[in-house]
Number of protein chains: 2
Amino acid sequence: MKRLLLAAALWLPTVFVQAQSDSAFIAQLFEQALSKGKAYSDLRDLCKQAGPRLSGSPAAAKAVQLTAEKMRNYAFDSVFFQDVMVPYWVRNEETALKLSSSDTGFHSRDLPLCALGGSVAGMVSGEVVEVLGWNDLQKLPDEQVKGKIVFFNRPMDARMVYTFGAYGTCVDQRVYGAIWAASKGAKGILVRSMNLSIDDYPHTGSMAYVDTIAKIPAAAISTQGAEELSALLVKYPNLSVSYALGGENKGMALSHNVIGELKGKKKDIIAVGGHLDAWDMAEGAHDDGAGCIQSIEVLRLLKTLNYTPNYTLRSVMWMNEENGLKGALAYAHRADSLKENHVAAIEADRGAFAPRGFFIQADQKMVERMQTWLPLLEPYGVYMIKSGGAGADVGPLARVNEKTVLVGFVPDSQRYFDYHHAATDTFESVNKRELELGAAALASLIYLMDKYEVGSWSMP
Amino acid sequence: MKRLLLAAALWLPTVFVQAQSDSAFIAQLFEQALSKGKAYSDLRDLCKQAGPRLSGSPAAAKAVQLTAEKMRNYAFDSVFFQDVMVPYWVRNEETALKLSSSDTGFHSRDLPLCALGGSVAGMVSGEVVEVLGWNDLQKLPDEQVKGKIVFFNRPMDARMVYTFGAYGTCVDQRVYGAIWAASKGAKGILVRSMNLSIDDYPHTGSMAYVDTIAKIPAAAISTQGAEELSALLVKYPNLSVSYALGGENKGMALSHNVIGELKGKKKDIIAVGGHLDAWDMAEGAHDDGAGCIQSIEVLRLLKTLNYTPNYTLRSVMWMNEENGLKGALAYAHRADSLKENHVAAIEADRGAFAPRGFFIQADQKMVERMQTWLPLLEPYGVYMIKSGGAGADVGPLARVNEKTVLVGFVPDSQRYFDYHHAATDTFESVNKRELELGAAALASLIYLMDKYEVGSWSMP
C-alpha cells in the first residue's frame, strides 16, 4: 500500500504537468487557427479557382493541382499524387419540371429540378404516382405505375436531432428509387430533395441502376417544389409533368488522390482527410472542400507550432467519394501493397460547422481512453467522443488493418443539409470561425493521438 | 448500514423511473419543437409584421400587441401588459463616411456608417486620429486630438472562443469613446463595428454621454471600412473625413413589458424571457426576437404536452434592454411591490443558434445539483451547465430576492456578432432548427426546474 502511494505521488505531478502542457499547446492551436489561420482563404481559393469539381472534370484536375500547391507552399515534407481511375459523368443541359393539366383553373408552371448524379438522359412526360417510399410503391399494382412517373416524397424526419440520422433513413429513395420504379414499369422518377429546410433548391446525389432493369431518367425537385407538387396532385389528379435530362456517362478518367506529409520519428501513419471531388451544383464548400482544407490546416498548424510528430502525419484528399469511392479504395489498396501501417485515420466530411466531437470506430476501451481527453477539449465546445461510424473514405482502411483507429469529425449538423449537393453549397455559406474551430479541434485530437502514440496502446 | 442499503434499494428504482420519464418527456418536447413547432413562423411574424422595434417606436408598440396576441391565441392562462416609460431615440437621416485627401493618387470614396444609438446629431469633418482605445488616447497630448475625429479601431479578439468574451473586452470603445474623445477636445468619433467578420455592415449599439463633457456625434463604421480607413491613413496621413448624423432624442415614451402565464399549483414564479425592443438597423431576429418567441414557445410546448406546472410559468418580453433597461427594472420593481416570489428567471438573449448550455447565477451547490441533469440534455447537444452571468434583463431580480436562481441560455456564439445590431439581423439569418432546438432546450430546463421545485431546495 505504501509503495502504491509512493508510486501515485511520483506519478500524479507528471500527469498534472502533462495535462498543463497539453492544455497550453491546444490553446495555441486554437489561437493560431482563429487569429492567423489559413483555412478560410485556402477554402476560398479552392471554391473560386477550382469550383464545382465532379470526378473526372477539368475542375477536379485543377483542385488536385491547387491543393498540392498549397501543401508545397507550406513546405510539407512531401507532397505527392496517387493515380486513380474515376467515373466521369456530366450533367449537360436539363429542363425544369413542367406541370400541366387540362383542368380549369390550373395555371401551368415550372418547378426547379436537377438530374440525380449518374442519371441517364431522356425526355419524360406523363402522369405522376406519389409515394413515400418502397413500402408504398410495392403495394401498388404494376398497372397503376406502368408508363408513369414515380414521385418519392418522404421528407427527412425533422425530429431526429442529429440530421445525418434523418438523411440515412431517407436517402434510399434517391439511391434506389429508379430501380424500384422501373421494376414496376415507370418511365421516370422525381425525388424530394434530401433537405430539412423548405426552399427552392434541388439537391443532387448518387443513385444506382442495375443492368437487368430499365435505366430511367431520375431527378430531384426542391422541398418547396415537392410540397407544391403534392398539393397540386390532390387538387388536380390528372396533372401531368414533363422533364428532360442530359446526363452522360463518359466512362473512366484518370484522376488523383493528393497526399501531403509531415515526417514523423516513425513510419507509422496518422492520416486526416476529406474528399476533393464535389457535386456539380455549386462549389462544394461544405461538401467537402472544408474537410480537405481543414486537413491541410491541421498539418500546417502543427508545423507552425514546431511540433515534432511521432508518427508520420498525412493530409489526404481522396478523389471520388461522391460517385464511386475509387480514391479511398485505391488509397487503402496502396497502403496494403506498401505495408503502410495506419495507426489512425480521421475523416472530415460533415461540413464546416462548429465542432461538437468525434465518432470513433474502434474497441470500446480505446473509445474510453480517448474520452479521458475531453476535459482538454471542452473549453472549445468539443464535448463528445463516442462510438460511431467514421466515414466512407476511411472505411476501406479498416479492411487493411483492423487495428487502425477510425475517427469521424462531428461538427454541428443542423445546417448541413441546407447546402448538401445543392447550388447553395458555396464559399459564402461557410462561417470563418466555425471552419477554423473545426481545423483546430482536428489538430488537437491528432496532436493527442500522436503524442500519446495511440498505435502503441495495447488493447485486449 | 443495513438501513442505508435498504433506503438505497427503495430509492434507486424511483430515481431510475423518474429519469426514464424525464427523458421521455424531454424527448417529446424536442420532437414537438422540431416537427410541430411554432417558433419559426412566430418569429417571422414578429420580424416582418413589427420589424425594427426600437423602444418608443410605433414598431415596438406593434410588437407588444403582436406577442400578446400570440399568447392569447395559445390560450395562456393570462396575458397582460406592464406600463414602462422608455427613452425614444430616432436615427433620422445620416450620411456615409466621406473620405478626401489632397494627395495625388487619392480617389475620394464613401464608407458605410451608422450613428451609435443615442448619438446627437451633427455634421463633422476633419482629420482622423486612430487609436486602439483609451490606453492609446490618454497618452496623446490634447493638442493632437483637439478638433479632430477619433477613430477607435481595436478589433474584437478572434482568439476568444466564446465571442461574448471578445465583445466584453472591446465594447468600451463604443460605450465610452465619445466621452473619452470629447474630454480631449475631439469633435466626433468613429468606432470599428463590434463584429468578428470582415464585411460592409456597420453595427450600432448603445453609447454614453456625461453632462459635464461635450456631446459629440458618434458613429460606427463597418469592419471592412475600418480596415480600409486604417490602411488609407498610413498611405495618406492628411486624409480627412466628414459625416453627418441626424440622431434625435425624443424624450420618454409609454411602452410595455408583455407577460403571459401558465398558472401553477403555487403562486411562486419561474420566468423565462427575452427583450422585445431591437435596434433600428434590421428586424432584430437574433437580438432578441428569437429569445422572445422562444420564451412563448416554452410555455406553448409545455401546455401542448399537458404538463401541469408546480410554479406559475411566465413568458416575459422585457422592453428597452438595448438603451435603458427600463423594462427589466420596472419588472423587478413590480415583483418587489407585489411580493411576487421568483424562484428562477431564465434569460434568452444570445441569438437563435444551436443550444450548448446554460450559465447559472446561483450558489455553487445549486449549479452542481443542476449539473446532474446534464445526461438528460446531452442527447440534444446541451452539455454545459456552469456558473456564469445570466443576462441584463434578469439581473435586477437578484436585487429583489437573492435566492432567485438566474439562468442565461447559451447557444453557440460563433455567428452572433455577424448579425448583432446590424442590417444583417433579419429573419432570413435564422436557421429554423437551431431556433427550435433552443426553445426545446429552454423548455426542458424549465420543466426540470419546475418538476423538482428548484425553489424548495435548501441550500446552505
# chains A, B, ... in the order shown; residues from 1 in each chain; ligands from 1
call {"tool": "interface_residues", "arguments": {"of": "chain A", "to": "chain B", "cutoff": "10 Å", "atoms": "only C-alpha atoms", "output": "ChimeraX atom specification"}}
result
/A:27-28,30-36,157-162,196-198,353-354,356,378-384,412-415,418,431-434,437
call {"tool": "residues_around", "arguments": {"residues": "region 165-172 of chain B", "least_positions_apart": "5", "cutoff": "12 Å", "atoms": "only C-alpha atoms", "output": "VMD selection string"}}
result
chain B and resid 132 to 135 152 to 160 177 to 180 191 to 196 203 to 208 220 388 to 389 413 to 414 416 to 418 420
call {"tool": "write_last_selection", "arguments": {"atoms": "C-alpha atoms", "output": "PDB file, in the first residue's frame"}}
result
ATOM      1  CA  LEU B 132      -6.895  51.216 -30.201  1.00  0.00           C
ATOM      2  CA  GLY B 133      -8.684  52.519 -27.124  1.00  0.00           C
ATOM      3  CA  TRP B 134      -8.387  54.683 -24.044  1.00  0.00           C
ATOM      4  CA  ASN B 135      -4.864  53.450 -23.290  1.00  0.00           C
ATOM      5  CA  PHE B 152     -11.357  53.698 -32.296  1.00  0.00           C
ATOM      6  CA  ASN B 153     -10.116  50.660 -34.191  1.00  0.00           C
ATOM      7  CA  ARG B 154      -9.415  47.873 -31.713  1.00  0.00           C
ATOM      8  CA  PRO B 155     -10.784  44.640 -33.237  1.00  0.00           C
ATOM      9  CA  MET B 156     -12.650  42.024 -31.225  1.00  0.00           C
ATOM     10  CA  ASP B 157     -10.136  39.382 -30.162  1.00  0.00           C
ATOM     11  CA  ALA B 158     -10.610  36.487 -32.598  1.00  0.00           C
ATOM     12  CA  ARG B 159      -8.740  34.119 -30.279  1.00  0.00           C
ATOM     13  CA  MET B 160     -11.513  34.052 -27.694  1.00  0.00           C
ATOM     14  CA  GLY B 177     -15.470  56.502 -26.782  1.00  0.00           C
ATOM     15  CA  ALA B 178     -17.401  59.758 -27.194  1.00  0.00           C
ATOM     16  CA  ILE B 179     -16.743  60.756 -23.579  1.00  0.00           C
ATOM     17  CA  TRP B 180     -13.049  59.908 -23.787  1.00  0.00           C
ATOM     18  CA  VAL B 191     -15.840  53.216 -33.900  1.00  0.00           C
ATOM     19  CA  ARG B 192     -14.940  49.986 -35.619  1.00  0.00           C
ATOM     20  CA  SER B 193     -18.057  47.798 -35.526  1.00  0.00           C
ATOM     21  CA  MET B 194     -18.238  45.051 -32.907  1.00  0.00           C
ATOM     22  CA  ASN B 195     -18.070  42.254 -35.476  1.00  0.00           C
ATOM     23  CA  LEU B 196     -15.651  39.349 -35.857  1.00  0.00           C
ATOM     24  CA  HIS B 203     -23.189  47.843 -36.247  1.00  0.00           C
ATOM     25  CA  THR B 204     -24.904  50.291 -33.947  1.00  0.00           C
ATOM     26  CA  GLY B 205     -25.335  49.939 -30.179  1.00  0.00           C
ATOM     27  CA  SER B 206     -25.653  51.929 -27.005  1.00  0.00           C
ATOM     28  CA  MET B 207     -23.253  54.689 -26.015  1.00  0.00           C
ATOM     29  CA  ALA B 208     -22.899  57.062 -23.089  1.00  0.00           C
ATOM     30  CA  ALA B 220     -19.791  53.095 -36.232  1.00  0.00           C
ATOM     31  CA  GLY B 388     -21.799  32.469 -15.329  1.00  0.00           C
ATOM     32  CA  GLY B 389     -23.656  35.697 -15.897  1.00  0.00           C
ATOM     33  CA  SER B 413     -21.774  32.016 -30.114  1.00  0.00           C
ATOM     34  CA  GLN B 414     -19.707  31.909 -33.308  1.00  0.00           C
ATOM     35  CA  TYR B 416     -23.828  36.064 -33.226  1.00  0.00           C
ATOM     36  CA  PHE B 417     -21.731  39.165 -33.879  1.00  0.00           C
ATOM     37  CA  ASP B 418     -22.181  38.821 -37.637  1.00  0.00           C
ATOM     38  CA  HIS B 420     -25.752  41.876 -33.708  1.00  0.00           C
TER      39      HIS B 420
END
call {"tool": "atom_distance", "arguments": {"atom1": "CA of Gly327 (chain A)", "atom2": "CA of Asp287 (chain A)"}}
result
15.9 Å
call {"tool": "residues_around", "arguments": {"residues": "Gly247 (chain B)", "least_positions_apart": "2", "cutoff": "10 Å", "atoms": "only C-alpha atoms", "output": "ChimeraX atom specification"}}
result
/B:89-94,115-122,217-218,244-245,249-250
call {"tool": "select_by_dssp", "arguments": {"residues": "region 377-452 of chain A", "states": "strand (DSSP E)", "output": "ChimeraX atom specification"}}
result
/A:384-387,405-411
call {"tool": "write_last_selection", "arguments": {"atoms": "C-alpha atoms", "output": "PDB file, in the first residue's frame"}}
result
ATOM      1  CA  MET A 384     -18.417  14.279 -27.389  1.00  0.00           C
ATOM      2  CA  ILE A 385     -16.146  11.327 -28.106  1.00  0.00           C
ATOM      3  CA  LYS A 386     -18.127   8.175 -28.652  1.00  0.00           C
ATOM      4  CA  SER A 387     -18.523   5.070 -30.764  1.00  0.00           C
ATOM      5  CA  VAL A 405      -8.461   3.595 -35.259  1.00  0.00           C
ATOM      6  CA  LEU A 406     -11.016   5.309 -37.481  1.00  0.00           C
ATOM      7  CA  VAL A 407     -12.334   8.695 -36.440  1.00  0.00           C
ATOM      8  CA  GLY A 408     -15.102  10.847 -37.876  1.00  0.00           C
ATOM      9  CA  PHE A 409     -15.107  14.551 -37.086  1.00  0.00           C
ATOM     10  CA  VAL A 410     -18.584  15.655 -35.935  1.00  0.00           C
ATOM     11  CA  PRO A 411     -19.433  19.324 -36.242  1.00  0.00           C
TER      12      PRO A 411
END
call {"tool": "residues_around", "arguments": {"residues": "region 38-45 of chain B", "least_positions_apart": "5", "cutoff": "8 Å", "atoms": "only C-alpha atoms", "output": "list of chain:residue names"}}
result
B:Ala33, B:Ala50, B:Lys70, B:Ala285, B:Gly289, B:Ala290, B:Ile293, B:Gln294, B:Glu297, B:Phe427, B:Lys432, B:Leu435, B:Glu436, B:Ala439
call {"tool": "closest_residue", "arguments": {"among": "B:Gly395, B:Pro202, B:Met71, B:Ala335", "to": "Gln361 (chain B)", "atoms": "only C-alpha atoms"}}
result
B:Gly395
call {"tool": "select_by_dssp", "arguments": {"residues": "region 193-233 of chain A", "states": "helix (DSSP H, G or I)", "output": "PyMOL selection string"}}
result
chain A and resi 223-233
call {"tool": "closest_residue", "arguments": {"among": "B:Glu227, B:Glu283, B:Glu248, B:Glu127", "to": "Glu428 (chain B)", "atoms": "only C-alpha atoms"}}
result
B:Glu283
call {"tool": "atom_distance", "arguments": {"atom1": "CA of Gln144 (chain B)", "atom2": "CA of Leu229 (chain B)"}}
result
18.7 Å
call {"tool": "atom_distance", "arguments": {"atom1": "CA of Ile26 (chain A)", "atom2": "CA of Asp450 (chain A)"}}
result
13.2 Å
call {"tool": "residues_around", "arguments": {"residues": "Tyr311 (chain B)", "least_positions_apart": "4", "cutoff": "10 Å", "atoms": "only C-alpha atoms", "output": "list in words"}}
result
Leu262, Lys263, Gly264, Lys265, Lys266, Lys267, Asp268, Ile269, Ile270, Ala271, His342, Val343, Ala344, Met449, Asp450, Lys451, Glu453, Val454 and Gly455 of chain B
call {"tool": "write_last_selection", "arguments": {"atoms": "N, CA and C atoms", "output": "PDB file, in the first residue's frame"}}
result
ATOM      1  N   LEU B 262     -48.777  30.587 -17.506  1.00  0.00           N
ATOM      2  CA  LEU B 262     -49.488  29.339 -17.221  1.00  0.00           C
ATOM      3  C   LEU B 262     -49.522  29.237 -15.698  1.00  0.00           C
ATOM      4  N   LYS B 263     -50.716  29.173 -15.125  1.00  0.00           N
ATOM      5  CA  LYS B 263     -50.821  29.145 -13.672  1.00  0.00           C
ATOM      6  C   LYS B 263     -50.317  27.813 -13.121  1.00  0.00           C
ATOM      7  N   GLY B 264     -49.582  27.890 -12.021  1.00  0.00           N
ATOM      8  CA  GLY B 264     -49.095  26.683 -11.367  1.00  0.00           C
ATOM      9  C   GLY B 264     -49.889  26.381 -10.110  1.00  0.00           C
ATOM     10  N   LYS B 265     -49.522  25.275  -9.469  1.00  0.00           N
ATOM     11  CA  LYS B 265     -50.165  24.945  -8.186  1.00  0.00           C
ATOM     12  C   LYS B 265     -49.796  25.981  -7.132  1.00  0.00           C
ATOM     13  N   LYS B 266     -48.590  26.545  -7.292  1.00  0.00           N
ATOM     14  CA  LYS B 266     -48.127  27.572  -6.362  1.00  0.00           C
ATOM     15  C   LYS B 266     -48.138  28.926  -7.061  1.00  0.00           C
ATOM     16  N   LYS B 267     -48.083  29.974  -6.250  1.00  0.00           N
ATOM     17  CA  LYS B 267     -48.006  31.324  -6.821  1.00  0.00           C
ATOM     18  C   LYS B 267     -46.570  31.714  -7.189  1.00  0.00           C
ATOM     19  N   ASP B 268     -45.610  30.972  -6.629  1.00  0.00           N
ATOM     20  CA  ASP B 268     -44.215  31.270  -6.951  1.00  0.00           C
ATOM     21  C   ASP B 268     -44.009  31.149  -8.460  1.00  0.00           C
ATOM     22  N   ILE B 269     -43.024  31.879  -8.932  1.00  0.00           N
ATOM     23  CA  ILE B 269     -42.898  32.074 -10.384  1.00  0.00           C
ATOM     24  C   ILE B 269     -41.557  31.586 -10.917  1.00  0.00           C
ATOM     25  N   ILE B 270     -41.614  30.928 -12.072  1.00  0.00           N
ATOM     26  CA  ILE B 270     -40.418  30.788 -12.914  1.00  0.00           C
ATOM     27  C   ILE B 270     -40.678  31.626 -14.154  1.00  0.00           C
ATOM     28  N   ALA B 271     -39.828  32.606 -14.397  1.00  0.00           N
ATOM     29  CA  ALA B 271     -39.980  33.467 -15.572  1.00  0.00           C
ATOM     30  C   ALA B 271     -38.933  33.109 -16.612  1.00  0.00           C
ATOM     31  N   HIS B 342     -40.032  35.090  -7.317  1.00  0.00           N
ATOM     32  CA  HIS B 342     -39.445  34.422  -8.478  1.00  0.00           C
ATOM     33  C   HIS B 342     -38.447  33.385  -7.986  1.00  0.00           C
ATOM     34  N   VAL B 343     -38.775  32.120  -8.118  1.00  0.00           N
ATOM     35  CA  VAL B 343     -37.793  31.108  -7.713  1.00  0.00           C
ATOM     36  C   VAL B 343     -36.680  31.031  -8.753  1.00  0.00           C
ATOM     37  N   ALA B 344     -37.013  31.353 -10.002  1.00  0.00           N
ATOM     38  CA  ALA B 344     -35.987  31.351 -11.043  1.00  0.00           C
ATOM     39  C   ALA B 344     -36.394  32.292 -12.160  1.00  0.00           C
ATOM     40  N   MET B 449     -36.625  22.294 -13.639  1.00  0.00           N
ATOM     41  CA  MET B 449     -36.603  23.230 -12.504  1.00  0.00           C
ATOM     42  C   MET B 449     -37.967  23.280 -11.829  1.00  0.00           C
ATOM     43  N   ASP B 450     -39.007  23.174 -12.640  1.00  0.00           N
ATOM     44  CA  ASP B 450     -40.363  23.207 -12.091  1.00  0.00           C
ATOM     45  C   ASP B 450     -40.714  21.892 -11.420  1.00  0.00           C
ATOM     46  N   LYS B 451     -40.474  20.797 -12.103  1.00  0.00           N
ATOM     47  CA  LYS B 451     -40.875  19.490 -11.577  1.00  0.00           C
ATOM     48  C   LYS B 451     -40.167  19.179 -10.261  1.00  0.00           C
ATOM     49  N   GLU B 453     -38.944  21.375  -8.309  1.00  0.00           N
ATOM     50  CA  GLU B 453     -39.186  22.503  -7.405  1.00  0.00           C
ATOM     51  C   GLU B 453     -37.908  23.145  -6.887  1.00  0.00           C
ATOM     52  N   VAL B 454     -37.218  23.736  -7.804  1.00  0.00           N
ATOM     53  CA  VAL B 454     -35.919  24.338  -7.505  1.00  0.00           C
ATOM     54  C   VAL B 454     -36.008  25.346  -6.348  1.00  0.00           C
ATOM     55  N   GLY B 455     -37.176  25.922  -6.176  1.00  0.00           N
ATOM     56  CA  GLY B 455     -37.345  26.905  -5.103  1.00  0.00           C
ATOM     57  C   GLY B 455     -37.344  26.298  -3.711  1.00  0.00           C
TER      58      GLY B 455
END
call {"tool": "residues_around", "arguments": {"residues": "Phe106 (chain A)", "least_positions_apart": "3", "cutoff": "10 Å", "atoms": "only C-alpha atoms", "output": "MDAnalysis selection string"}}
result
chainID A and resid 99:103 109 232 235:236 239
call {"tool": "residues_around", "arguments": {"residues": "Gly56 (chain B)", "least_positions_apart": "5", "cutoff": "12 Å", "atoms": "only C-alpha atoms", "output": "mmCIF file with C-alpha atoms, in the first residue's frame"}}
result
data_model
loop_
_atom_site.group_PDB
_atom_site.id
_atom_site.type_symbol
_atom_site.label_atom_id
_atom_site.label_comp_id
_atom_site.auth_asym_id
_atom_site.auth_seq_id
_atom_site.Cartn_x
_atom_site.Cartn_y
_atom_site.Cartn_z
ATOM 1 C CA ALA B 61 -45.895 49.187 -29.974
ATOM 2 C CA LYS B 62 -46.889 46.781 -32.739
ATOM 3 C CA ALA B 63 -44.566 44.108 -31.321
ATOM 4 C CA VAL B 64 -46.233 44.496 -27.923
ATOM 5 C CA ASP B 83 -46.506 50.036 -18.355
ATOM 6 C CA VAL B 84 -42.921 51.208 -18.727
ATOM 7 C CA MET B 85 -41.616 54.654 -19.623
ATOM 8 C CA VAL B 86 -38.745 54.279 -22.102
ATOM 9 C CA PRO B 87 -36.354 56.630 -23.877
ATOM 10 C CA TYR B 88 -37.267 57.196 -27.506
ATOM 11 C CA TRP B 89 -34.399 57.982 -29.856
ATOM 12 C CA VAL B 90 -34.681 58.217 -33.621
ATOM 13 C CA ASN B 249 -33.700 62.269 -28.512
ATOM 14 C CA LYS B 250 -37.500 62.447 -28.311
ATOM 15 C CA GLY B 251 -37.721 62.141 -24.545
ATOM 16 C CA MET B 252 -39.608 59.425 -22.713
ATOM 17 C CA ALA B 253 -42.484 57.445 -24.196
ATOM 18 C CA LEU B 254 -45.000 54.998 -22.785
ATOM 19 C CA SER B 255 -44.292 51.380 -23.654
ATOM 20 C CA HIS B 256 -44.886 47.969 -22.104
ATOM 21 C CA LEU B 276 -38.812 42.858 -27.225
ATOM 22 C CA ASP B 277 -37.060 46.027 -28.310
ATOM 23 C CA ALA B 278 -34.392 45.870 -31.001
ATOM 24 C CA TRP B 279 -32.047 48.283 -32.699
ATOM 25 C CA ASP B 280 -33.371 50.036 -35.750
ATOM 26 C CA MET B 319 -38.939 46.340 -23.167
ATOM 27 C CA ASN B 320 -35.868 48.555 -23.617
ATOM 28 C CA GLU B 322 -30.882 47.985 -25.668
ATOM 29 C CA ASN B 323 -30.853 51.545 -24.424
ATOM 30 C CA GLY B 324 -32.059 51.821 -20.863
ATOM 31 C CA LYS B 326 -36.293 50.290 -18.167
ATOM 32 C CA GLY B 327 -38.475 47.218 -18.675
#
call {"tool": "closest_residue", "arguments": {"among": "B:Val145, B:Ile216, B:Val234, B:Val258", "to": "Gly185 (chain B)", "atoms": "only C-alpha atoms"}}
result
B:Val145
